[in-house]
Structure formats: structure tokens, C-alpha cells
Amino acid sequence: MEISKNMIGSEVTTWYKKNGRKDLPWRIKTTPYRVWISEMMLQQTQVNTAKDYFLNFIEQYPDLESIKNASEEEILILWKGLGYYRRAKFIYQAKEKIFKDYNGLFPDEFEDIISLPGIGKSTAGAILSIAYGKPFPILDANVKRVVGRLYNQESYQEKKFWELSKKILDKSNPFLFQQGIMDIGATICHIHNPQCDECPLGRWCLSKKNGSFYTYKKKKTPKKKVFLNYEIYKRDGCIYMIKNMDLGFWNELWMPPYKIVENNNREIKHGLSHRELHLEFLVTSGTPKGGKWINKNEFNNLPTPKPISDKLEQYAKSFL
DNA sequence: AATCCGTGGTG
DNA sequence: TCACCAAGGAT
């Protein structure tokens, strides 16, 4: 028998059973593989954005065995448009390691899971809690906001927030608790206008008590501008494309050849996390090298970044 | 420790 | 139009 019961944790668990978003696609069936793929997609990505990508990914690769022989580019194609494309490469590398070191079985120990590429402490905690029912804390944006407010923190402190996440975790129900705490963060404890009247944690919440609500603030660094002039080579309904290896972003995605210039007449302004891209597209003649001709019917088969996909779609419709 | 990495929604 | 930020991790 426990001497002191974790009231907050058990309240979250109870709330989840009744009010949780149990119909999310990655919650229908929680195999370690499915939880892993969903957690990778959900890194810095909202639920609504990840949904369709998850369903599409799982349709093609429903389990580890089906993804065993997939190439990096095949996985990248399923990631097309989702962003943070490194995650697709991490999935490729991780599944290679799982077959090499773990006999094709997803590992179930913290040290093994966090050793996989793209999996940090929080993702490992989510997989352990949700896929294996083992009590490990998580610290995503939802949990940061909920515990930051529960304990009325003024600023984010990594170590302190991990302690709080671990403290309120319902160790007897990690599966229900972790999904519940994230759902409370996502559906009640909004960054603006938290719905405190509906919150199961209201009687413990110090922010509700004194009316000052913690909000996680990232340092904002000014975005550097990058001017890219894309060279459009056309031939027989084809456009010449290269695999980008050296922009620093969009690595290993396909695009027309480009030059980095000092300035240009931008047609498209596109923001990345830390860059402001100014894109110009110039129809060019000559003999390009280092890539291949792609027919307009095959644009969809190549992993391309969003603004390039949009531009290619235009070309395919109009003057090719 | 600070910076890098995408895209879409929201105010 | 624009700032902010989301189921973060790697370097």
C-alpha cells in the first residue's frame, strides 16, 4: 500500500479515461513501432498536421518487418512536406540499427531506446510509457505548459521541469497518464485562454490561483536571409532536378539547380525556422550536370521541399 | 550553451 | 503581413 497517493497523477488518469482523445490514429493500436513513428512525427509538429502523414506512413509500412528493406529516399518521400526532414533519416538509421542490434525487435529498455537516432529523453519516455507501460517522464510542449502553470513557474528550467514531470506521473498508469497530461495541455491548458473551468487540475493549480499563467518562451534569433536563384531547364515535359546536399537545410531533397546570390527579385518568400528564403525561378538554357531529368508526371515521386513542390505543380499545369 | 532544422495554424 | 509556436533532438 502506498503511504501517500499521487492525487494529481490519478486525477489525470481518471480524466483521460473519460475525456481523452482516444480516437487519434496512433492510439487505436499502440505497438512500439506505431508509437515510435507517431512520436517522431509529432516532434515540434501539431496533431492535426501529423495525422494524415501517420496514416499514410502506416499504410505503406505497418510494422518493422515491412520497413526492413526500405531505402532512405523511400522513407523521405513519405515525409515530403512535413518538415524537419532529418527525422525521416533518423527513422531509416534507427530501423537499420534495430535489425542489426536488436534482432528486428523494438527495444524496451531506456538506454537502448534513447540510443536510437532521433530519440531523446522525452520521446524515449513517451515510448516507454505508452508502448510498454513503464513509468518514465516526458517533457513536451504540453507538459512544459501544464507543470509550469501547476507550480506557477516564472521561467523554464530544464532540470526543475523534468523533476515536476516525474513528480506528478501516475506510476501505476503511465499509459493513461502520459496521454492524459498531453491532452490536458492540448485541449484545456491552451497557451492563450486556458479553459480552467474544465481543468481537472484546477484545485492544485497555482497559476489559476494567482492568475499569472506561465508561457514557454523561446529565444528569438533574427532569421538570416538567403537568396536562391533556381535554374529551370525544360525538355520534353521534363525539368532537370538535383539532389541537394549542401544548402544546410532541405538536405537530400530534390530541386532544380540553384545559385546562392546576394539579392534577387523574389517570387516566393518562404520562412524556415532560422532562415528567410527568397526564391526566384529563371528559365535557363544550356546543359545541366549532376542530376537527372524528371518528367512532370513523376514530380510526386521525388522528395521535394514545399515551395519547390508548389512551383513544380505550377509548371506541370501550365507551360510544360 | 547556442544554433540549426520545416511547415501550418493562430492571433 | 507578421510574430509566435507546436507530442524535440543533434551538434
# chains A, B, ... in the order shown; residues from 1 in each chain; ligands from 1
$ residues_around --residues "DC5 of chain C" --least-positions-apart "6" --cutoff "10 Å" --atoms "only C-alpha atoms (C1' of nucleotides)" --output "PyMOL selection string"
(chain A and resi 44-46+141+191+216-218) or (chain B and resi 9-10)
$ residues_around --residues "DG8 of chain C" --least-positions-apart "2" --cutoff "10 Å" --atoms "only C-alpha atoms (C1' of nucleotides)" --output "PyMOL selection string"
(chain A and resi 39-40+42-45+118-123+139-141) or (chain C and resi 10)
$ write_last_selection --atoms "N, CA and C atoms (P, O5', C5', C4', C3', O3' and C1' of nucleotides)" --output "PDB file, in the first residue's frame"
ATOM      1  N   GLU A  39       5.553   9.390 -32.520  1.00  0.00           N
ATOM      2  CA  GLU A  39       6.337  10.327 -31.711  1.00  0.00           C
ATOM      3  C   GLU A  39       7.368  11.064 -32.557  1.00  0.00           C
ATOM      4  N   MET A  40       7.936  10.385 -33.529  1.00  0.00           N
ATOM      5  CA  MET A  40       8.876  11.062 -34.431  1.00  0.00           C
ATOM      6  C   MET A  40       8.161  12.163 -35.213  1.00  0.00           C
ATOM      7  N   LEU A  42       5.511  13.705 -34.361  1.00  0.00           N
ATOM      8  CA  LEU A  42       4.913  14.735 -33.506  1.00  0.00           C
ATOM      9  C   LEU A  42       5.952  15.651 -32.865  1.00  0.00           C
ATOM     10  N   GLN A  43       7.227  15.394 -33.131  1.00  0.00           N
ATOM     11  CA  GLN A  43       8.243  16.304 -32.617  1.00  0.00           C
ATOM     12  C   GLN A  43       8.065  17.670 -33.285  1.00  0.00           C
ATOM     13  N   GLN A  44       7.771  18.668 -32.491  1.00  0.00           N
ATOM     14  CA  GLN A  44       7.602  20.044 -32.999  1.00  0.00           C
ATOM     15  C   GLN A  44       6.532  20.121 -34.085  1.00  0.00           C
ATOM     16  N   THR A  45       5.590  19.204 -34.048  1.00  0.00           N
ATOM     17  CA  THR A  45       4.570  19.150 -35.096  1.00  0.00           C
ATOM     18  C   THR A  45       3.218  18.892 -34.447  1.00  0.00           C
ATOM     19  N   GLY A 118      17.518  10.118 -33.301  1.00  0.00           N
ATOM     20  CA  GLY A 118      16.299  10.909 -33.324  1.00  0.00           C
ATOM     21  C   GLY A 118      15.433  10.766 -32.098  1.00  0.00           C
ATOM     22  N   ILE A 119      15.853   9.892 -31.170  1.00  0.00           N
ATOM     23  CA  ILE A 119      15.075   9.692 -29.952  1.00  0.00           C
ATOM     24  C   ILE A 119      15.843  10.272 -28.769  1.00  0.00           C
ATOM     25  N   GLY A 120      15.258  11.298 -28.164  1.00  0.00           N
ATOM     26  CA  GLY A 120      15.841  11.905 -26.978  1.00  0.00           C
ATOM     27  C   GLY A 120      15.082  11.453 -25.737  1.00  0.00           C
ATOM     28  N   LYS A 121      15.298  12.161 -24.659  1.00  0.00           N
ATOM     29  CA  LYS A 121      14.745  11.747 -23.376  1.00  0.00           C
ATOM     30  C   LYS A 121      13.217  11.746 -23.377  1.00  0.00           C
ATOM     31  N   SER A 122      12.637  12.756 -23.992  1.00  0.00           N
ATOM     32  CA  SER A 122      11.177  12.865 -23.958  1.00  0.00           C
ATOM     33  C   SER A 122      10.502  11.828 -24.852  1.00  0.00           C
ATOM     34  N   THR A 123      11.020  11.664 -26.061  1.00  0.00           N
ATOM     35  CA  THR A 123      10.459  10.655 -26.959  1.00  0.00           C
ATOM     36  C   THR A 123      10.638   9.261 -26.370  1.00  0.00           C
ATOM     37  N   LEU A 139       8.597  15.392 -21.472  1.00  0.00           N
ATOM     38  CA  LEU A 139       8.609  16.851 -21.320  1.00  0.00           C
ATOM     39  C   LEU A 139       8.466  17.513 -22.674  1.00  0.00           C
ATOM     40  N   ASP A 140       7.261  17.389 -23.208  1.00  0.00           N
ATOM     41  CA  ASP A 140       6.970  18.065 -24.469  1.00  0.00           C
ATOM     42  C   ASP A 140       6.351  19.429 -24.169  1.00  0.00           C
ATOM     43  N   ALA A 141       5.945  20.113 -25.201  1.00  0.00           N
ATOM     44  CA  ALA A 141       5.430  21.475 -25.020  1.00  0.00           C
ATOM     45  C   ALA A 141       4.188  21.488 -24.133  1.00  0.00           C
TER      46      ALA A 141
ATOM     47  P    DA C  10      18.947  12.816 -30.590  1.00  0.00           P
ATOM     48  O5'  DA C  10      19.871  13.801 -31.435  1.00  0.00           O
ATOM     49  C5'  DA C  10      19.684  13.858 -32.843  1.00  0.00           C
ATOM     50  C4'  DA C  10      20.716  14.767 -33.479  1.00  0.00           C
ATOM     51  C3'  DA C  10      22.152  14.504 -33.045  1.00  0.00           C
ATOM     52  O3'  DA C  10      22.982  14.649 -34.183  1.00  0.00           O
ATOM     53  C1'  DA C  10      21.577  16.744 -32.544  1.00  0.00           C
TER      54       DA C  10
END
$ residues_around --residues "Thr187 of chain A" --least-positions-apart "5" --cutoff "10 Å" --atoms "only C-alpha atoms (C1' of nucleotides)" --output "PDB file with C-alpha atoms, in the first residue's frame"
ATOM      1  CA  ASN A  19     -12.272  12.842 -21.838  1.00  0.00           C
ATOM      2  CA  GLY A  20      -9.099  11.799 -23.643  1.00  0.00           C
ATOM      3  CA  ARG A  21      -8.633  11.901 -27.419  1.00  0.00           C
ATOM      4  CA  ASN A 142       2.168  20.386 -23.393  1.00  0.00           C
ATOM      5  CA  MET A 182      -0.693  15.860 -23.084  1.00  0.00           C
ATOM      6  CA  PRO A 194      -6.778  28.313 -20.783  1.00  0.00           C
ATOM      7  CA  GLN A 195     -10.132  26.704 -20.000  1.00  0.00           C
ATOM      8  CA  GLU A 198     -12.862  22.406 -17.371  1.00  0.00           C
ATOM      9  CA  CYS A 199      -9.461  21.539 -15.962  1.00  0.00           C
TER      10      CYS A 199
END
$ closest_atom_pairs --of "chain A" --to "chain B" --cutoff "8 Å" --atoms "only C-alpha atoms (C1' of nucleotides)" --output "tab-separated table"
residue	atom	partner	partner_atom	distance
A:Thr49	CA	B:DG8	C1'	7.4
A:Gly81	CA	B:DT7	C1'	7.1
A:Leu82	CA	B:DT7	C1'	6.3
A:Gly83	CA	B:DG6	C1'	3.7
A:Tyr84	CA	B:DG6	C1'	5.2
A:Tyr85	CA	B:DG6	C1'	7.7
A:Arg86	CA	B:DC5	C1'	7.7
A:Phe249	CA	B:DC5	C1'	6.8
A:Leu272	CA	B:DG6	C1'	5.7
A:Ser273	CA	B:DC5	C1'	6.7
A:His274	CA	B:DC4	C1'	7.4
$ residues_around --residues "segment 26-30 of chain A" --least-positions-apart "4" --cutoff "12 Å" --atoms "only C-alpha atoms (C1' of nucleotides)" --output "ChimeraX atom specification"
/A:20-22,34-42,47,50-58,62-63,126-133,175-176,179-180 /C:7
$ write_last_selection --atoms "N, CA, C and O atoms (P, O5', C5', C4', C3', O3' and C1' of nucleotides)" --output "compact mmCIF listing (two decimals), in the first residue's frame"
# COMPACT_ATOMS: atom_id res chain seq x y z
N GLY A 20 -10.28 11.81 -22.79
CA GLY A 20 -9.10 11.80 -23.64
C GLY A 20 -9.42 11.63 -25.12
O GLY A 20 -10.49 11.15 -25.48
N ARG A 21 -8.46 12.04 -25.96
CA ARG A 21 -8.63 11.90 -27.42
C ARG A 21 -8.20 10.50 -27.84
O ARG A 21 -7.18 10.31 -28.48
N LYS A 22 -9.02 9.54 -27.48
CA LYS A 22 -8.62 8.14 -27.67
C LYS A 22 -8.79 7.67 -29.11
O LYS A 22 -8.43 6.56 -29.45
N ARG A 34 4.43 1.66 -33.89
CA ARG A 34 3.49 2.74 -34.21
C ARG A 34 3.68 3.94 -33.28
O ARG A 34 3.61 5.09 -33.71
N VAL A 35 3.92 3.67 -32.01
CA VAL A 35 4.15 4.77 -31.08
C VAL A 35 5.43 5.52 -31.47
O VAL A 35 5.47 6.76 -31.46
N TRP A 36 6.44 4.76 -31.84
CA TRP A 36 7.71 5.37 -32.28
C TRP A 36 7.50 6.29 -33.49
O TRP A 36 7.91 7.46 -33.46
N ILE A 37 6.86 5.77 -34.53
CA ILE A 37 6.65 6.59 -35.74
C ILE A 37 5.83 7.84 -35.40
O ILE A 37 6.14 8.94 -35.83
N SER A 38 4.80 7.67 -34.60
CA SER A 38 3.97 8.83 -34.26
C SER A 38 4.76 9.85 -33.46
O SER A 38 4.68 11.05 -33.72
N GLU A 39 5.55 9.39 -32.52
CA GLU A 39 6.34 10.33 -31.71
C GLU A 39 7.37 11.06 -32.56
O GLU A 39 7.64 12.24 -32.33
N MET A 40 7.94 10.39 -33.53
CA MET A 40 8.88 11.06 -34.43
C MET A 40 8.16 12.16 -35.21
O MET A 40 8.66 13.27 -35.36
N MET A 41 6.96 11.83 -35.70
CA MET A 41 6.22 12.82 -36.49
C MET A 41 5.75 13.98 -35.64
O MET A 41 5.59 15.11 -36.12
N LEU A 42 5.51 13.71 -34.36
CA LEU A 42 4.91 14.74 -33.51
C LEU A 42 5.95 15.65 -32.86
O LEU A 42 5.59 16.59 -32.16
N VAL A 47 -0.76 17.87 -33.80
CA VAL A 47 -1.53 16.65 -34.03
C VAL A 47 -2.21 16.66 -35.40
O VAL A 47 -2.12 15.70 -36.17
N ALA A 50 0.14 16.01 -38.25
CA ALA A 50 0.76 14.69 -38.28
C ALA A 50 -0.21 13.57 -38.68
O ALA A 50 0.21 12.54 -39.22
N LYS A 51 -1.49 13.77 -38.44
CA LYS A 51 -2.49 12.71 -38.64
C LYS A 51 -2.37 12.01 -39.99
O LYS A 51 -2.17 10.80 -40.07
N ASP A 52 -2.53 12.78 -41.07
CA ASP A 52 -2.56 12.18 -42.40
C ASP A 52 -1.22 11.54 -42.75
O ASP A 52 -1.18 10.50 -43.41
N TYR A 53 -0.14 12.18 -42.32
CA TYR A 53 1.17 11.61 -42.59
C TYR A 53 1.33 10.26 -41.89
O TYR A 53 1.89 9.32 -42.44
N PHE A 54 0.82 10.19 -40.66
CA PHE A 54 0.91 8.93 -39.93
C PHE A 54 0.11 7.83 -40.62
O PHE A 54 0.61 6.73 -40.85
N LEU A 55 -1.13 8.14 -41.00
CA LEU A 55 -1.96 7.14 -41.67
C LEU A 55 -1.31 6.66 -42.97
O LEU A 55 -1.29 5.47 -43.28
N ASN A 56 -0.77 7.61 -43.70
CA ASN A 56 -0.12 7.28 -44.97
C ASN A 56 1.12 6.41 -44.75
O ASN A 56 1.35 5.41 -45.45
N PHE A 57 1.90 6.79 -43.75
CA PHE A 57 3.13 6.07 -43.44
C PHE A 57 2.81 4.63 -43.01
O PHE A 57 3.41 3.67 -43.49
N ILE A 58 1.82 4.50 -42.13
CA ILE A 58 1.46 3.19 -41.59
C ILE A 58 0.83 2.30 -42.67
O ILE A 58 0.98 1.08 -42.66
N PRO A 62 3.35 -0.84 -42.13
CA PRO A 62 2.55 -1.05 -40.92
C PRO A 62 3.34 -1.56 -39.72
O PRO A 62 2.88 -1.43 -38.59
N ASP A 63 4.53 -2.13 -39.99
CA ASP A 63 5.30 -2.67 -38.87
C ASP A 63 6.79 -2.68 -39.23
O ASP A 63 7.17 -2.33 -40.35
N ALA A 126 8.03 8.78 -23.76
CA ALA A 126 6.71 8.55 -24.34
C ALA A 126 6.57 7.11 -24.82
O ALA A 126 5.55 6.46 -24.59
N ILE A 127 7.59 6.61 -25.49
CA ILE A 127 7.53 5.23 -25.99
C ILE A 127 7.46 4.25 -24.83
O ILE A 127 6.64 3.32 -24.84
N LEU A 128 8.29 4.46 -23.82
CA LEU A 128 8.29 3.56 -22.68
C LEU A 128 6.95 3.58 -21.95
O LEU A 128 6.41 2.53 -21.57
N SER A 129 6.40 4.77 -21.77
CA SER A 129 5.14 4.89 -21.04
C SER A 129 3.97 4.33 -21.83
O SER A 129 3.16 3.56 -21.31
N ILE A 130 3.89 4.72 -23.10
CA ILE A 130 2.69 4.41 -23.88
C ILE A 130 2.76 3.02 -24.50
O ILE A 130 1.77 2.29 -24.54
N ALA A 131 3.94 2.63 -24.98
CA ALA A 131 4.03 1.32 -25.64
C ALA A 131 4.28 0.19 -24.65
O ALA A 131 3.85 -0.94 -24.88
N TYR A 132 4.99 0.49 -23.56
CA TYR A 132 5.37 -0.58 -22.63
C TYR A 132 4.78 -0.42 -21.23
O TYR A 132 4.99 -1.27 -20.37
N GLY A 133 4.10 0.69 -20.98
CA GLY A 133 3.51 0.89 -19.65
C GLY A 133 4.53 1.09 -18.56
O GLY A 133 4.26 0.85 -17.38
N PHE A 175 0.59 4.65 -19.15
CA PHE A 175 -0.06 4.67 -20.46
C PHE A 175 -1.18 5.70 -20.50
O PHE A 175 -1.26 6.53 -21.41
N LEU A 176 -2.04 5.67 -19.49
CA LEU A 176 -3.16 6.61 -19.46
C LEU A 176 -2.70 8.00 -19.07
O LEU A 176 -3.16 9.01 -19.62
N GLN A 179 -0.75 10.19 -21.91
CA GLN A 179 -1.66 10.67 -22.94
C GLN A 179 -2.61 11.70 -22.36
O GLN A 179 -2.97 12.69 -23.00
N GLY A 180 -3.00 11.49 -21.11
CA GLY A 180 -3.89 12.43 -20.45
C GLY A 180 -3.25 13.79 -20.22
O GLY A 180 -3.87 14.84 -20.48
P DA C 7 1.41 20.58 -29.15
O5' DA C 7 2.57 19.57 -28.82
C5' DA C 7 2.31 18.19 -28.63
C4' DA C 7 3.67 17.59 -28.28
C3' DA C 7 4.61 17.53 -29.50
O3' DA C 7 5.94 17.42 -29.01
C1' DA C 7 3.92 15.37 -28.88
$ select_by_dssp --residues "segment 30-266 of chain A" --states "strand (DSSP E)" --output "tab-separated table (two decimals) with N, CA, C and O atoms, in the first residue's frame"
chain	number	residue	atom	x	y	z
A	224	LYS	N	18.28	34.83	-40.78
A	224	LYS	CA	19.16	35.28	-41.85
A	224	LYS	C	18.45	35.09	-43.19
A	224	LYS	O	17.75	34.11	-43.40
A	225	LYS	N	18.67	36.05	-44.08
A	225	LYS	CA	18.06	35.94	-45.40
A	225	LYS	C	18.97	35.14	-46.33
A	225	LYS	O	20.19	35.30	-46.31
A	226	VAL	N	18.34	34.28	-47.09
A	226	VAL	CA	19.07	33.51	-48.10
A	226	VAL	C	18.37	33.72	-49.44
A	226	VAL	O	17.16	33.52	-49.54
A	227	PHE	N	19.13	34.14	-50.42
A	227	PHE	CA	18.57	34.39	-51.76
A	227	PHE	C	18.98	33.25	-52.68
A	227	PHE	O	20.17	32.99	-52.88
A	228	LEU	N	18.00	32.57	-53.20
A	228	LEU	CA	18.26	31.42	-54.07
A	228	LEU	C	17.67	31.67	-55.45
A	228	LEU	O	16.47	31.95	-55.57
A	229	ASN	N	18.51	31.56	-56.46
A	229	ASN	CA	18.02	31.62	-57.83
A	229	ASN	C	17.99	30.21	-58.42
A	229	ASN	O	19.05	29.59	-58.61
A	230	TYR	N	16.79	29.73	-58.66
A	230	TYR	CA	16.66	28.39	-59.24
A	230	TYR	C	16.72	28.47	-60.76
A	230	TYR	O	16.13	29.38	-61.35
A	231	GLU	N	17.42	27.52	-61.34
A	231	GLU	CA	17.57	27.47	-62.79
A	231	GLU	C	16.66	26.38	-63.34
A	231	GLU	O	16.84	25.20	-63.04
A	232	ILE	N	15.69	26.80	-64.13
A	232	ILE	CA	14.70	25.86	-64.68
A	232	ILE	C	15.13	25.44	-66.09
A	232	ILE	O	15.08	26.24	-67.01
A	234	LYS	N	14.16	23.06	-69.11
A	234	LYS	CA	12.99	22.31	-69.58
A	234	LYS	C	13.35	21.51	-70.82
A	234	LYS	O	14.11	21.98	-71.68
A	235	ARG	N	12.79	20.30	-70.90
A	235	ARG	CA	12.96	19.49	-72.11
A	235	ARG	C	11.91	18.40	-72.18
A	235	ARG	O	11.81	17.58	-71.25
A	238	CYS	N	9.96	17.65	-69.25
A	238	CYS	CA	10.80	17.34	-68.09
A	238	CYS	C	11.43	18.61	-67.53
A	238	CYS	O	11.59	19.59	-68.25
A	239	ILE	N	11.75	18.55	-66.25
A	239	ILE	CA	12.57	19.60	-65.63
A	239	ILE	C	13.78	18.92	-65.00
A	239	ILE	O	13.67	17.82	-64.46
A	240	TYR	N	14.91	19.59	-65.09
A	240	TYR	CA	16.14	18.99	-64.56
A	240	TYR	C	16.22	19.21	-63.05
A	240	TYR	O	16.04	20.34	-62.56
A	241	MET	N	16.50	18.13	-62.33
A	241	MET	CA	16.50	18.20	-60.86
A	241	MET	C	17.79	17.62	-60.30
A	241	MET	O	18.35	16.67	-60.84
A	242	ILE	N	18.21	18.20	-59.18
A	242	ILE	CA	19.38	17.68	-58.48
A	242	ILE	C	18.99	17.33	-57.04
A	242	ILE	O	17.97	17.79	-56.53
A	243	LYS	N	19.82	16.50	-56.44
A	243	LYS	CA	19.61	16.17	-55.03
A	243	LYS	C	20.46	17.12	-54.20
A	243	LYS	O	21.69	17.08	-54.28
A	254	TRP	N	15.11	16.95	-53.36
A	254	TRP	CA	15.36	17.24	-54.77
A	254	TRP	C	14.83	18.62	-55.14
A	254	TRP	O	13.81	19.07	-54.61
A	255	MET	N	15.50	19.26	-56.08
A	255	MET	CA	15.12	20.60	-56.52
A	255	MET	C	15.88	20.93	-57.80
A	255	MET	O	16.85	20.25	-58.13
A	258	TYR	N	20.53	25.47	-58.44
A	258	TYR	CA	20.34	26.82	-57.90
A	258	TYR	C	21.69	27.49	-57.71
A	258	TYR	O	22.74	26.85	-57.69
A	259	LYS	N	21.61	28.80	-57.57
A	259	LYS	CA	22.77	29.57	-57.16
A	259	LYS	C	22.38	30.43	-55.97
A	259	LYS	O	21.29	31.00	-55.94
A	260	ILE	N	23.27	30.51	-55.00
A	260	ILE	CA	23.07	31.44	-53.89
A	260	ILE	C	23.60	32.80	-54.34
A	260	ILE	O	24.74	32.90	-54.79
A	261	VAL	N	22.73	33.81	-54.25
A	261	VAL	CA	23.11	35.13	-54.76
A	261	VAL	C	22.97	36.18	-53.65
A	261	VAL	O	22.49	35.90	-52.55
$ select_by_dssp --residues "segment 54-252 of chain A" --states "helix (DSSP H, G or I)" --output "count of residues only"
98
$ closest_residue --among "A:Met7, A:Asp183, A:Pro25, A:Tyr61" --to "chain C" --atoms "only C-alpha atoms (C1' of nucleotides)"
A:Asp183
$ closest_residue --among "A:Thr13, A:Asn48, A:Ser172, A:Asn244" --to "chain C" --atoms "only C-alpha atoms (C1' of nucleotides)"
A:Asn48
$ atom_distance --atom1 "atom CA of Ile294 of chain A" --atom2 "atom CA of Ser309 of chain A"
12.9 Å
$ atom_distance --atom1 "atom CA of Thr221 of chain A" --atom2 "atom CA of Thr304 of chain A"
26.6 Å
